[in-house]
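What follows is model_38.txt (compact mmCIF, C-alpha atoms and all ligand atoms).
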# COMPACT_ATOMS: atom_id res chain seq x y z
CA MET R 258 15.59 23.73 7.64
CA ASP R 259 12.38 21.87 8.36
CA ILE R 260 9.68 24.17 9.68
CA ALA R 261 8.96 21.63 12.42
CA VAL R 262 12.22 22.55 14.17
CA GLY R 263 10.69 25.89 15.07
CA LEU R 264 7.62 24.16 16.50
CA LYS R 265 9.61 22.01 18.90
CA ALA R 266 9.34 24.40 21.81
CA ILE R 267 5.54 24.07 21.92
CA GLU R 268 5.25 20.27 21.93
CA PRO R 269 3.05 19.98 25.04
CA GLY R 270 4.40 17.90 27.90
CA LEU R 271 7.49 16.64 26.11
CA GLN R 272 9.92 18.37 28.50
CA ASP R 273 8.59 16.32 31.42
CA TYR R 274 9.77 13.14 29.69
CA TYR R 275 13.37 14.40 29.86
CA GLN R 276 13.16 14.32 33.69
CA LEU R 277 12.53 10.55 33.69
CA PRO R 278 15.39 8.13 34.45
CA PRO R 279 16.29 5.63 31.67
CA GLU R 280 14.75 2.66 33.54
CA THR R 281 11.41 4.46 33.84
CA LEU R 282 11.47 5.37 30.15
CA ASP R 283 12.19 1.71 29.29
CA GLU R 284 9.45 0.36 31.55
CA ARG R 285 6.84 2.77 30.25
CA ILE R 286 7.74 2.21 26.57
CA ALA R 287 7.49 -1.56 27.13
CA GLY R 288 4.17 -1.02 28.96
CA VAL R 289 2.56 0.95 26.09
CA LYS R 290 3.86 -1.58 23.57
CA ALA R 291 2.23 -4.39 25.54
CA LYS R 292 -1.07 -2.49 25.84
CA LEU R 293 -1.30 -1.47 22.19
CA SER R 294 -0.06 -4.93 21.21
CA ASP R 295 -1.03 -5.82 17.62
CA ARG R 296 -2.39 -2.35 16.92
CA LEU R 297 1.15 -0.97 17.00
CA LEU R 298 4.28 -1.55 14.92
CA ILE R 299 7.59 0.14 15.69
CA LEU R 300 10.08 0.28 12.80
CA GLY R 301 13.75 1.14 13.41
CA HIS R 302 16.40 2.19 10.92
CA ASN R 303 19.90 0.78 11.47
CA TYR R 304 21.30 4.23 12.42
CA GLN R 305 18.97 4.69 15.37
CA ARG R 306 20.36 5.02 18.87
CA ASP R 307 20.21 1.85 20.94
CA GLU R 308 17.75 3.33 23.44
CA VAL R 309 15.03 3.29 20.76
CA TYR R 310 16.42 0.65 18.35
CA LYS R 311 15.96 -2.04 21.01
CA PHE R 312 12.18 -1.39 20.99
CA ALA R 313 11.77 -1.76 17.21
CA ASP R 314 9.64 -4.74 16.13
CA TYR R 315 11.40 -4.72 12.79
CA LYS R 316 14.81 -3.25 11.92
CA GLY R 317 16.71 -2.68 8.72
CA ASP R 318 17.82 -0.47 5.86
CA SER R 319 15.52 1.71 3.78
CA LEU R 320 14.58 -1.07 1.35
CA LYS R 321 13.79 -3.66 4.01
CA LEU R 322 11.74 -1.19 6.03
CA SER R 323 9.74 0.03 3.03
CA GLN R 324 9.02 -3.55 1.89
CA TYR R 325 7.91 -4.50 5.39
CA ALA R 326 5.74 -1.40 5.87
CA ALA R 327 3.94 -2.20 2.61
CA GLN R 328 2.97 -5.66 3.97
CA GLN R 329 1.60 -4.54 7.34
CA THR R 330 -1.98 -3.82 6.40
CA ASP R 331 -3.39 -4.71 9.83
CA ARG R 332 -1.36 -2.38 12.09
CA GLU R 333 -3.25 0.74 13.07
CA TYR R 334 -0.20 2.73 14.18
CA ILE R 335 3.26 2.60 12.65
CA VAL R 336 5.79 4.50 14.74
CA PHE R 337 8.85 5.14 12.60
CA CYS R 338 12.19 5.47 14.37
CA GLY R 339 14.08 6.91 11.43
CA VAL R 340 13.85 10.11 9.40
CA LYS R 341 11.03 11.89 7.63
CA PHE R 342 11.47 10.47 4.11
CA MET R 343 11.20 6.96 5.61
CA ALA R 344 7.97 7.82 7.44
CA GLU R 345 6.57 9.43 4.27
CA THR R 346 7.41 6.26 2.33
CA ALA R 347 5.60 4.16 4.95
CA ASP R 348 2.58 6.47 4.76
CA ILE R 349 2.45 6.17 0.96
CA LEU R 350 2.70 2.37 1.05
CA THR R 351 0.13 1.77 3.81
CA THR R 352 -3.65 2.09 3.71
CA SER R 353 -5.59 5.27 4.49
CA ASP R 354 -6.75 3.79 7.84
CA GLN R 355 -3.19 3.34 9.09
CA LYS R 356 -1.37 6.19 10.82
CA VAL R 357 2.37 6.73 10.54
CA ILE R 358 4.06 8.64 13.35
CA LEU R 359 7.53 10.18 13.44
CA PRO R 360 8.39 10.73 17.13
CA ASP R 361 10.29 13.96 16.36
CA LEU R 362 9.22 15.98 13.30
CA ALA R 363 12.65 17.61 13.16
CA ALA R 364 14.20 14.26 12.14
CA GLY R 365 14.73 15.18 8.48
CA CYS R 366 17.53 14.32 6.06
CA SER R 367 19.83 17.10 4.84
CA MET R 368 20.46 15.23 1.59
CA ALA R 369 16.73 14.93 0.84
CA ASP R 370 16.40 18.69 1.43
CA MET R 371 18.97 19.35 -1.32
CA ALA R 372 16.47 18.52 -4.09
CA ASP R 373 13.43 20.74 -3.69
CA ILE R 374 10.67 20.38 -6.22
CA GLU R 375 10.88 23.93 -7.66
CA ASN R 376 14.52 23.38 -8.65
CA VAL R 377 13.67 19.94 -9.98
CA GLU R 378 10.89 21.35 -12.20
CA THR R 379 13.20 24.09 -13.52
CA THR R 380 15.88 21.50 -14.25
CA TRP R 381 13.40 19.31 -16.11
CA GLN R 382 12.34 22.24 -18.30
CA GLU R 383 15.98 23.06 -19.07
CA ILE R 384 16.81 19.46 -19.95
CA THR R 385 13.69 18.75 -21.97
CA SER R 386 14.19 21.92 -24.01
CA LEU R 387 17.34 20.17 -25.30
CA ILE R 388 16.38 16.47 -25.21
CA PRO R 389 12.93 14.90 -25.73
CA GLU R 390 11.40 13.67 -22.45
CA SER R 391 11.04 10.20 -23.98
CA ARG R 392 14.86 9.80 -23.86
CA ILE R 393 15.49 10.38 -20.15
CA THR R 394 14.39 8.57 -16.98
CA PRO R 395 14.34 10.44 -13.67
CA ILE R 396 15.42 8.24 -10.76
CA THR R 397 15.37 9.33 -7.17
CA TYR R 398 17.18 7.75 -4.25
CA ILE R 399 14.61 6.94 -1.57
CA ASN R 400 16.31 9.68 0.51
CA SER R 401 14.07 12.33 -1.04
CA SER R 402 10.81 14.10 -0.37
CA ALA R 403 7.47 12.63 -1.47
CA ASP R 404 6.97 15.36 -4.11
CA LEU R 405 10.22 14.38 -5.84
CA LYS R 406 9.19 10.71 -5.79
CA ALA R 407 5.88 11.80 -7.33
CA PHE R 408 7.73 13.79 -10.00
CA CYS R 409 9.77 10.70 -10.95
CA GLY R 410 6.68 8.49 -11.04
CA GLU R 411 4.80 10.92 -13.26
CA HIS R 412 7.70 11.20 -15.72
CA GLY R 413 8.19 7.46 -16.25
CA GLY R 414 10.82 7.10 -13.53
CA LEU R 415 11.11 5.43 -10.16
CA VAL R 416 12.81 5.21 -6.78
CA CYS R 417 15.94 3.29 -5.79
CA THR R 418 17.73 2.50 -2.53
CA SER R 419 21.36 1.84 -1.74
CA THR R 420 20.62 -1.89 -2.12
CA ASN R 421 19.04 -1.90 -5.54
CA ALA R 422 20.45 1.19 -7.34
CA GLU R 423 22.25 -0.92 -9.95
CA LYS R 424 19.15 -2.97 -10.79
CA ILE R 425 17.03 0.17 -11.08
CA ILE R 426 19.55 1.96 -13.31
CA ARG R 427 19.73 -1.10 -15.59
CA TRP R 428 15.93 -1.09 -15.83
CA ALA R 429 16.04 2.58 -16.82
CA PHE R 430 18.73 2.06 -19.48
CA ASP R 431 16.74 -0.80 -20.97
CA ARG R 432 14.02 1.75 -21.75
CA ARG R 433 15.64 5.12 -22.34
CA GLU R 434 19.19 6.21 -23.10
CA LYS R 435 19.77 8.74 -20.28
CA ILE R 436 19.09 9.01 -16.56
CA LEU R 437 18.70 12.01 -14.28
CA PHE R 438 19.67 10.82 -10.81
CA PHE R 439 18.54 12.63 -7.60
CA PRO R 440 19.71 13.71 -5.06
CA ASP R 441 22.90 11.80 -4.15
CA GLN R 442 25.63 12.28 -6.72
CA HIS R 443 27.82 9.73 -4.93
CA LEU R 444 25.37 6.83 -4.97
CA GLY R 445 24.68 7.64 -8.64
CA ARG R 446 28.34 7.94 -9.62
CA ASN R 447 29.61 4.96 -7.59
CA THR R 448 26.87 2.70 -8.94
CA CYS R 449 27.24 3.78 -12.57
CA ARG R 450 31.03 3.32 -12.45
CA ARG R 451 30.61 -0.22 -11.17
CA MET R 452 28.30 -0.81 -14.14
CA GLY R 453 31.11 0.21 -16.49
CA ILE R 454 29.89 3.72 -17.27
CA SER R 455 32.86 6.08 -17.48
CA LEU R 456 33.16 9.46 -15.80
CA ASP R 457 33.15 11.29 -19.14
CA GLU R 458 29.63 9.95 -19.77
CA MET R 459 28.41 11.68 -16.60
CA ILE R 460 27.81 15.33 -15.78
CA LEU R 461 27.10 17.00 -12.45
CA TRP R 462 23.96 19.11 -12.26
CA ASP R 463 24.24 22.10 -9.93
CA PRO R 464 20.67 23.43 -9.60
CA ALA R 465 21.97 26.86 -8.55
CA GLN R 466 23.35 27.46 -12.05
CA PRO R 467 21.61 27.80 -15.43
CA ASN R 468 21.59 24.42 -17.19
CA GLY R 469 23.09 22.99 -14.01
CA GLY R 470 26.43 24.61 -14.94
CA ASN R 471 26.70 22.61 -18.20
CA SER R 472 26.84 23.47 -21.89
CA ALA R 473 23.97 22.36 -24.13
CA GLU R 474 26.42 20.06 -25.91
CA ALA R 475 27.51 18.38 -22.65
CA ILE R 476 23.86 17.82 -21.69
CA ARG R 477 23.06 16.25 -25.08
CA LYS R 478 26.11 14.00 -24.86
CA ALA R 479 25.85 12.78 -21.25
CA ARG R 480 24.23 9.44 -20.38
CA VAL R 481 24.06 10.17 -16.65
CA LEU R 482 23.08 13.53 -15.13
CA LEU R 483 23.89 13.59 -11.42
CA TRP R 484 22.12 16.04 -9.13
CA ALA R 485 24.78 17.71 -6.94
CA GLY R 486 23.45 16.45 -3.60
CA PHE R 487 25.43 14.59 -0.94
CA CYS R 488 25.24 13.25 2.59
CA SER R 489 27.04 15.49 5.06
CA VAL R 490 27.75 12.48 7.30
CA HIS R 491 29.36 10.26 4.63
CA GLN R 492 31.39 13.04 3.05
CA MET R 493 33.48 13.13 6.24
CA PHE R 494 35.21 9.87 5.24
CA GLN R 495 38.38 10.68 3.32
CA PRO R 496 40.92 8.60 1.32
CA GLU R 497 43.63 9.33 3.92
CA HIS R 498 41.51 7.53 6.55
CA LEU R 499 41.62 4.39 4.42
CA ALA R 500 45.35 4.82 3.85
CA TYR R 501 45.88 5.08 7.61
CA PHE R 502 44.10 1.77 8.31
CA ARG R 503 45.83 -0.02 5.43
CA LYS R 504 49.18 1.01 6.94
CA GLN R 505 48.41 0.48 10.62
CA VAL R 506 46.23 -2.65 10.74
CA PRO R 507 47.42 -5.83 9.00
CA ASP R 508 44.77 -7.61 6.86
CA ILE R 509 42.23 -4.85 7.39
CA LYS R 510 39.10 -5.02 5.23
CA ILE R 511 37.41 -1.71 4.50
CA ILE R 512 33.66 -1.59 3.91
CA VAL R 513 31.77 1.63 3.14
CA HIS R 514 28.31 2.92 2.32
CA PRO R 515 27.79 4.06 -1.32
CA GLU R 516 27.02 7.61 -0.12
CA CYS R 517 30.81 7.99 0.39
CA SER R 518 32.80 9.83 -2.28
CA MET R 519 34.14 8.03 -5.37
CA GLU R 520 37.74 8.23 -4.05
CA VAL R 521 36.70 6.48 -0.83
CA ALA R 522 34.48 3.92 -2.60
CA ASP R 523 37.27 3.12 -5.08
CA SER R 524 39.81 2.39 -2.33
CA ALA R 525 37.43 0.33 -0.19
CA ASP R 526 37.23 -3.47 -0.41
CA LEU R 527 33.44 -3.60 -0.22
CA MET R 528 30.55 -1.19 -0.61
CA GLY R 529 26.85 -1.55 0.19
CA SER R 530 23.79 -0.57 2.18
CA THR R 531 23.64 -0.59 5.98
CA GLU R 532 22.01 -4.03 5.85
CA TYR R 533 24.78 -5.33 3.57
CA ILE R 534 27.40 -3.96 5.97
CA ILE R 535 25.74 -5.67 8.95
CA ARG R 536 25.34 -8.98 7.08
CA THR R 537 28.94 -8.95 5.84
CA ILE R 538 30.54 -8.28 9.22
CA THR R 539 28.23 -10.68 11.05
CA ALA R 540 29.18 -13.48 8.63
CA ALA R 541 32.94 -12.67 8.66
CA PRO R 542 35.35 -15.13 10.30
CA ALA R 543 36.38 -14.64 13.92
CA GLY R 544 39.58 -12.64 14.20
CA SER R 545 38.95 -10.62 11.03
CA ARG R 546 39.50 -6.86 11.13
CA TRP R 547 37.14 -4.29 9.66
CA ALA R 548 37.15 -0.53 9.20
CA VAL R 549 33.61 0.71 8.50
CA GLY R 550 32.64 3.92 6.68
CA THR R 551 29.12 4.66 7.75
CA GLU R 552 27.19 6.27 10.60
CA LEU R 553 28.69 6.00 14.10
CA ASN R 554 25.74 4.48 15.98
CA LEU R 555 25.67 1.55 13.59
CA VAL R 556 29.44 1.04 13.78
CA ASN R 557 29.38 1.10 17.59
CA ARG R 558 26.64 -1.55 17.56
CA LEU R 559 28.66 -3.68 15.11
CA LYS R 560 31.63 -3.47 17.49
CA ARG R 561 29.51 -4.60 20.42
CA ASP R 562 27.72 -7.39 18.54
CA ASN R 563 30.93 -8.83 17.06
CA PRO R 564 33.33 -9.22 20.01
CA ASP R 565 35.22 -11.98 18.16
CA LYS R 566 36.25 -9.48 15.41
CA GLU R 567 37.96 -6.12 15.46
CA VAL R 568 35.69 -3.39 14.16
CA PHE R 569 37.00 0.17 13.70
CA PHE R 570 35.25 3.39 12.76
CA LEU R 571 36.86 4.63 9.53
CA SER R 572 37.12 8.31 10.42
CA PRO R 573 38.87 10.04 13.35
CA MET R 574 35.91 12.49 13.30
CA VAL R 575 32.50 11.85 14.84
CA CYS R 576 30.28 11.11 11.82
CA MET R 577 26.82 10.88 13.27
CA CYS R 578 23.50 11.51 11.59
CA SER R 579 22.28 14.29 13.88
CA THR R 580 18.72 14.11 12.56
CA MET R 581 18.43 10.35 13.11
CA PHE R 582 19.78 11.03 16.60
CA ARG R 583 16.81 13.26 17.41
CA ILE R 584 14.60 10.22 17.93
CA ASP R 585 15.35 9.39 21.54
CA ALA R 586 13.57 7.49 24.31
CA PRO R 587 11.70 10.58 25.65
CA HIS R 588 10.26 11.33 22.16
CA LEU R 589 9.36 7.69 21.62
CA LEU R 590 7.59 7.38 24.97
CA TRP R 591 5.86 10.74 24.55
CA SER R 592 4.44 9.79 21.13
CA LEU R 593 3.44 6.30 22.34
CA GLU R 594 1.66 7.57 25.46
CA ARG R 595 -0.22 10.12 23.37
CA LEU R 596 -1.37 7.27 21.13
CA GLU R 597 -2.44 5.28 24.15
CA SER R 598 -4.52 8.21 25.38
CA GLY R 599 -6.16 8.49 21.95
CA SER R 600 -4.39 11.62 20.63
CA ILE R 601 -2.08 11.21 17.68
CA VAL R 602 0.99 13.44 17.61
CA ASN R 603 3.47 13.92 14.74
CA GLN R 604 1.47 12.01 12.18
CA ILE R 605 3.10 12.06 8.74
CA ILE R 606 0.52 12.55 6.01
CA VAL R 607 1.70 12.79 2.42
CA PRO R 608 -0.53 15.24 0.50
CA GLU R 609 -3.05 13.61 -1.85
CA ALA R 610 -1.50 15.48 -4.79
CA ASP R 611 1.80 13.63 -4.35
CA ARG R 612 0.55 10.29 -3.08
CA TYR R 613 -0.57 8.68 -6.35
CA TRP R 614 2.57 9.20 -8.44
CA ALA R 615 4.92 8.72 -5.48
CA LYS R 616 3.29 5.33 -4.95
CA VAL R 617 3.71 4.49 -8.62
CA ALA R 618 7.44 5.34 -8.37
CA LEU R 619 7.85 3.24 -5.21
CA GLU R 620 5.86 0.30 -6.55
CA ARG R 621 7.94 0.22 -9.75
CA MET R 622 10.97 -0.20 -7.49
CA LEU R 623 9.35 -2.77 -5.21
CA GLU R 624 8.29 -4.89 -8.18
CA LEU R 625 11.90 -4.97 -9.39
CA ALA R 626 13.29 -5.58 -5.89
P1 LIG I 1 20.37 2.41 3.92
O1 LIG I 1 19.17 2.29 3.06
O2 LIG I 1 21.59 1.75 3.37
O3 LIG I 1 20.08 1.97 5.31
O4 LIG I 1 20.80 3.95 3.97
C1 LIG I 1 19.95 4.95 4.42
C2 LIG I 1 20.67 6.17 4.69
O5 LIG I 1 20.10 7.21 4.91
C3 LIG I 1 22.12 6.15 4.66
O6 LIG I 1 22.60 7.41 4.93
FE1 LIG I 2 20.30 11.64 5.34
FE2 LIG I 2 22.95 11.26 5.53
FE3 LIG I 2 21.39 11.05 7.71
FE4 LIG I 2 21.31 9.19 5.77
S1 LIG I 2 23.03 9.67 7.12
S2 LIG I 2 19.54 10.12 6.80
S3 LIG I 2 21.60 10.49 3.94
S4 LIG I 2 21.75 12.93 6.49
Go through the file and emit its structure as structure tokens.
Amino acid sequence: MDIAVGLKAIEPGLQDYYQLPPETLDERIAGVKAKLSDRLLILGHNYQRDEVYKFADYKGDSLKLSQYAAQQTDREYIVFCGVKFMAETADILTTSDQKVILPDLAAGCSMADMADIENVETTWQEITSLIPESRITPITYINSSADLKAFCGEHGGLVCTSTNAEKIIRWAFDRREKILFFPDQHLGRNTCRRMGISLDEMILWDPAQPNGGNSAEAIRKARVLLWAGFCSVHQMFQPEHLAYFRKQVPDIKIIVHPECSMEVADSADLMGSTEYIIRTITAAPAGSRWAVGTELNLVNRLKRDNPDKEVFFLSPMVCMCSTMFRIDAPHLLWSLERLESGSIVNQIIVPEADRYWAKVALERMLELA
């Protein structure tokens, strides 16, 4: 768990913000935004709760937000309503004068935490003792820590998002014959299968086992090595949930995020990033019916914003990203009022040692995107 969770109790003054009624929080957030004006930019990921999402100057999926952050060279403060890997990405892509703030440092990503750099380095040694480095490209999903992005950049690899994974994997196969894909096995597997790569060309790499749990022969043979990470939110969607909707709701269309399992992705009608899901349902004809397999806050917003369509949440369980949910109106106001008073709290600073190569890995992606 992120060390910052343990520090929460000592964040000075934050508790007082929880005593404020919602209208006061709204008024004061709007007031600081107006005062800081062009010095401030608030970015909001599509999974954020409405109470903070409504204050974002720019909203979107990981790709859109990283592209936008890279263009905002004149904003002094970038307050990121999202999770830590997104704020780190913004810090890497902005100038050294700009400050990126994550309103709650405990807003991490459990999937990103599944690929720590020590295990990655050990894996690389194991693989490159069997295969020359020049034959394999490391690719990391943007849902990863800055040190893993730096590792990929330094070893000729790059970053991808849920929007551009296929393009990035094609780029890698144009250069080298194998890929090592971190940390989400599902995004890697679902994308490669849609590109026509069969399951027997892929192996799963479990970092807890020697050689990832694979024989030397299997490692030499595989084209795709998938790190055994996953998203705990998206793994809650199950094939029986799709079967239920197909049976109960005539003409239902099922759309899911590529972090869902292969069985779910295979039975869905459509698959794509959060931005793709929003665009598709917004553009769908009135009266159409949709079951959506992604985070609950986003699906609830889709329901509200599309009253002419029927939008269902794909799982009977509550699949919420609990770390995204940590960014609430009290944290947002607290961090903004600290900025206004000249003290910066929760600044995300990527260490110099990781910054250069992580930027290379991100820029390779942005050039292709
Ligand atoms: P998107 O880039 O599709 O918004 O996904 C980010 C994410 O964390 C999904 O779990
Ligand atoms: Fe990470 Fe999953 Fe939350 Fe996305 S939904 S930020 S992958 S834990």
Counting all atoms listed in the file, which residues of chain R sit at most 8 Å from some atom of ligand LIG 2 (chain I), and what is each one's closest atom pair with its distance in Å to one decimal, listed by chain and rising residue number, as CSV?
residue,atom,partner,partner_atom,distance
R:Tyr304,CA,I:LIG2,S1,7.8
R:Gly339,CA,I:LIG2,S2,7.8
R:Val340,CA,I:LIG2,S2,6.3
R:Gly365,CA,I:LIG2,S2,7.2
R:Cys366,CA,I:LIG2,FE1,3.9
R:Ser367,CA,I:LIG2,S4,4.9
R:Met368,CA,I:LIG2,FE1,5.2
R:Ala369,CA,I:LIG2,FE1,6.6
R:Asn400,CA,I:LIG2,S3,6.4
R:Phe487,CA,I:LIG2,S3,7.4
R:Cys488,CA,I:LIG2,FE2,4.2
R:Ser489,CA,I:LIG2,FE2,5.9
R:Val490,CA,I:LIG2,FE2,5.3
R:His491,CA,I:LIG2,FE2,6.5
R:Glu516,CA,I:LIG2,S3,7.4
R:Thr551,CA,I:LIG2,S1,7.9
R:Glu552,CA,I:LIG2,S1,6.4
R:Met577,CA,I:LIG2,S1,7.3
R:Cys578,CA,I:LIG2,FE3,4.4
R:Ser579,CA,I:LIG2,FE3,7.0
R:Thr580,CA,I:LIG2,FE3,6.3
R:Met581,CA,I:LIG2,FE3,6.2
Task: Counting only C-alpha atoms and all ligand atoms, the option among R:Pro269, R:Pro464, R:Pro507, R:Gly550 closest to ligand LIG 1 (chain I) - done: R:Gly550
With only C-alpha atoms and all ligand atoms counted and 7 Å as the cut-off, give the residues of chain R in contact with ligand LIG 1 (chain I), each with its shortest interatomic distance in Å and the pair that gives it, as JSON lines.
{"residue": "R:His302", "atom": "CA", "partner": "I:LIG1", "partner_atom": "O3", "distance": 6.7}
{"residue": "R:Asn303", "atom": "CA", "partner": "I:LIG1", "partner_atom": "O3", "distance": 6.3}
{"residue": "R:Gly317", "atom": "CA", "partner": "I:LIG1", "partner_atom": "O3", "distance": 6.7}
{"residue": "R:Asp318", "atom": "CA", "partner": "I:LIG1", "partner_atom": "O3", "distance": 3.4}
{"residue": "R:Ser319", "atom": "CA", "partner": "I:LIG1", "partner_atom": "O1", "distance": 3.8}
{"residue": "R:Leu320", "atom": "CA", "partner": "I:LIG1", "partner_atom": "O1", "distance": 5.9}
{"residue": "R:Asn400", "atom": "CA", "partner": "I:LIG1", "partner_atom": "O5", "distance": 6.3}
{"residue": "R:Thr418", "atom": "CA", "partner": "I:LIG1", "partner_atom": "O1", "distance": 5.8}
{"residue": "R:Ser419", "atom": "CA", "partner": "I:LIG1", "partner_atom": "O2", "distance": 5.1}
{"residue": "R:Thr420", "atom": "CA", "partner": "I:LIG1", "partner_atom": "O2", "distance": 6.7}
{"residue": "R:Cys488", "atom": "CA", "partner": "I:LIG1", "partner_atom": "O6", "distance": 6.8}
{"residue": "R:His514", "atom": "CA", "partner": "I:LIG1", "partner_atom": "O2", "distance": 6.9}
{"residue": "R:Glu516", "atom": "CA", "partner": "I:LIG1", "partner_atom": "O6", "distance": 6.7}
{"residue": "R:Gly529", "atom": "CA", "partner": "I:LIG1", "partner_atom": "O2", "distance": 7.0}
{"residue": "R:Ser530", "atom": "CA", "partner": "I:LIG1", "partner_atom": "O2", "distance": 3.4}
{"residue": "R:Thr531", "atom": "CA", "partner": "I:LIG1", "partner_atom": "O2", "distance": 4.1}
{"residue": "R:Glu532", "atom": "CA", "partner": "I:LIG1", "partner_atom": "O2", "distance": 6.3}
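The residue that comes closest to Ala626 of chain R, out of R:Ala475, R:Ala422, R:Ile605, R:Ala407 and on the basis of only C-alpha atoms, is R:Ala422.
Each of R:Ser323, R:Ser455, R:Val617, R:Asp307 was checked against His412 of chain R using all atoms listed in the file; the smallest atom-to-atom distance is that of R:Val617.
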TODO: Could you check which of R:Thr379, R:Gln324, R:Ile374, R:Ala344 is closest to Phe408 of chain R, using only C-alpha atoms?
DONE: R:Ile374
Task: Between atom CA of Lys341 of chain R and atom CA of Ser401 of chain R - distance in Å to one decimal - done: 9.2 Å
Would you kindly place all heavy atoms on segment 299-305 of chain R and return the model as a tab-separated table (two decimals), in the frame of the given file?
chain	number	residue	atom	x	y	z
R	299	ILE	N	6.48	-0.82	15.64
R	299	ILE	CA	7.59	0.14	15.69
R	299	ILE	C	8.67	-0.31	14.71
R	299	ILE	O	9.13	-1.46	14.76
R	299	ILE	CB	8.18	0.26	17.12
R	299	ILE	CG1	7.09	0.69	18.10
R	299	ILE	CG2	9.34	1.25	17.14
R	299	ILE	CD1	7.56	0.88	19.54
R	300	LEU	N	9.02	0.58	13.78
R	300	LEU	CA	10.08	0.28	12.80
R	300	LEU	C	11.33	1.06	13.19
R	300	LEU	O	11.24	2.21	13.64
R	300	LEU	CB	9.63	0.70	11.39
R	300	LEU	CG	8.42	-0.04	10.81
R	300	LEU	CD1	8.06	0.53	9.44
R	300	LEU	CD2	8.69	-1.54	10.70
R	301	GLY	N	12.51	0.45	13.02
R	301	GLY	CA	13.75	1.14	13.41
R	301	GLY	C	14.81	1.05	12.33
R	301	GLY	O	15.17	-0.06	11.90
R	302	HIS	N	15.30	2.20	11.88
R	302	HIS	CA	16.40	2.19	10.92
R	302	HIS	C	17.71	1.84	11.64
R	302	HIS	O	17.88	2.14	12.83
R	302	HIS	CB	16.54	3.55	10.19
R	302	HIS	CG	17.61	3.51	9.15
R	302	HIS	ND1	18.90	3.94	9.38
R	302	HIS	CD2	17.59	3.01	7.88
R	302	HIS	CE1	19.63	3.72	8.29
R	302	HIS	NE2	18.86	3.17	7.36
R	303	ASN	N	18.63	1.25	10.89
R	303	ASN	CA	19.90	0.78	11.47
R	303	ASN	C	20.75	1.88	12.10
R	303	ASN	O	21.68	1.57	12.84
R	303	ASN	CB	20.72	0.07	10.39
R	303	ASN	CG	20.09	-1.24	9.96
R	303	ASN	OD1	19.46	-1.92	10.75
R	303	ASN	ND2	20.26	-1.61	8.68
R	304	TYR	N	20.51	3.14	11.81
R	304	TYR	CA	21.30	4.23	12.42
R	304	TYR	C	20.72	4.72	13.74
R	304	TYR	O	21.26	5.64	14.34
R	304	TYR	CB	21.35	5.45	11.49
R	304	TYR	CG	22.18	5.30	10.23
R	304	TYR	CD1	22.01	6.19	9.17
R	304	TYR	CD2	23.14	4.31	10.10
R	304	TYR	CE1	22.77	6.08	8.02
R	304	TYR	CE2	23.89	4.20	8.95
R	304	TYR	CZ	23.70	5.09	7.91
R	304	TYR	OH	24.45	4.99	6.76
R	305	GLN	N	19.60	4.16	14.15
R	305	GLN	CA	18.97	4.69	15.37
R	305	GLN	C	19.79	4.38	16.61
R	305	GLN	O	20.49	3.37	16.69
R	305	GLN	CB	17.57	4.08	15.52
R	305	GLN	CG	16.59	4.66	14.52
R	305	GLN	CD	16.26	6.12	14.82
R	305	GLN	OE1	15.64	6.43	15.82
R	305	GLN	NE2	16.65	7.02	13.92
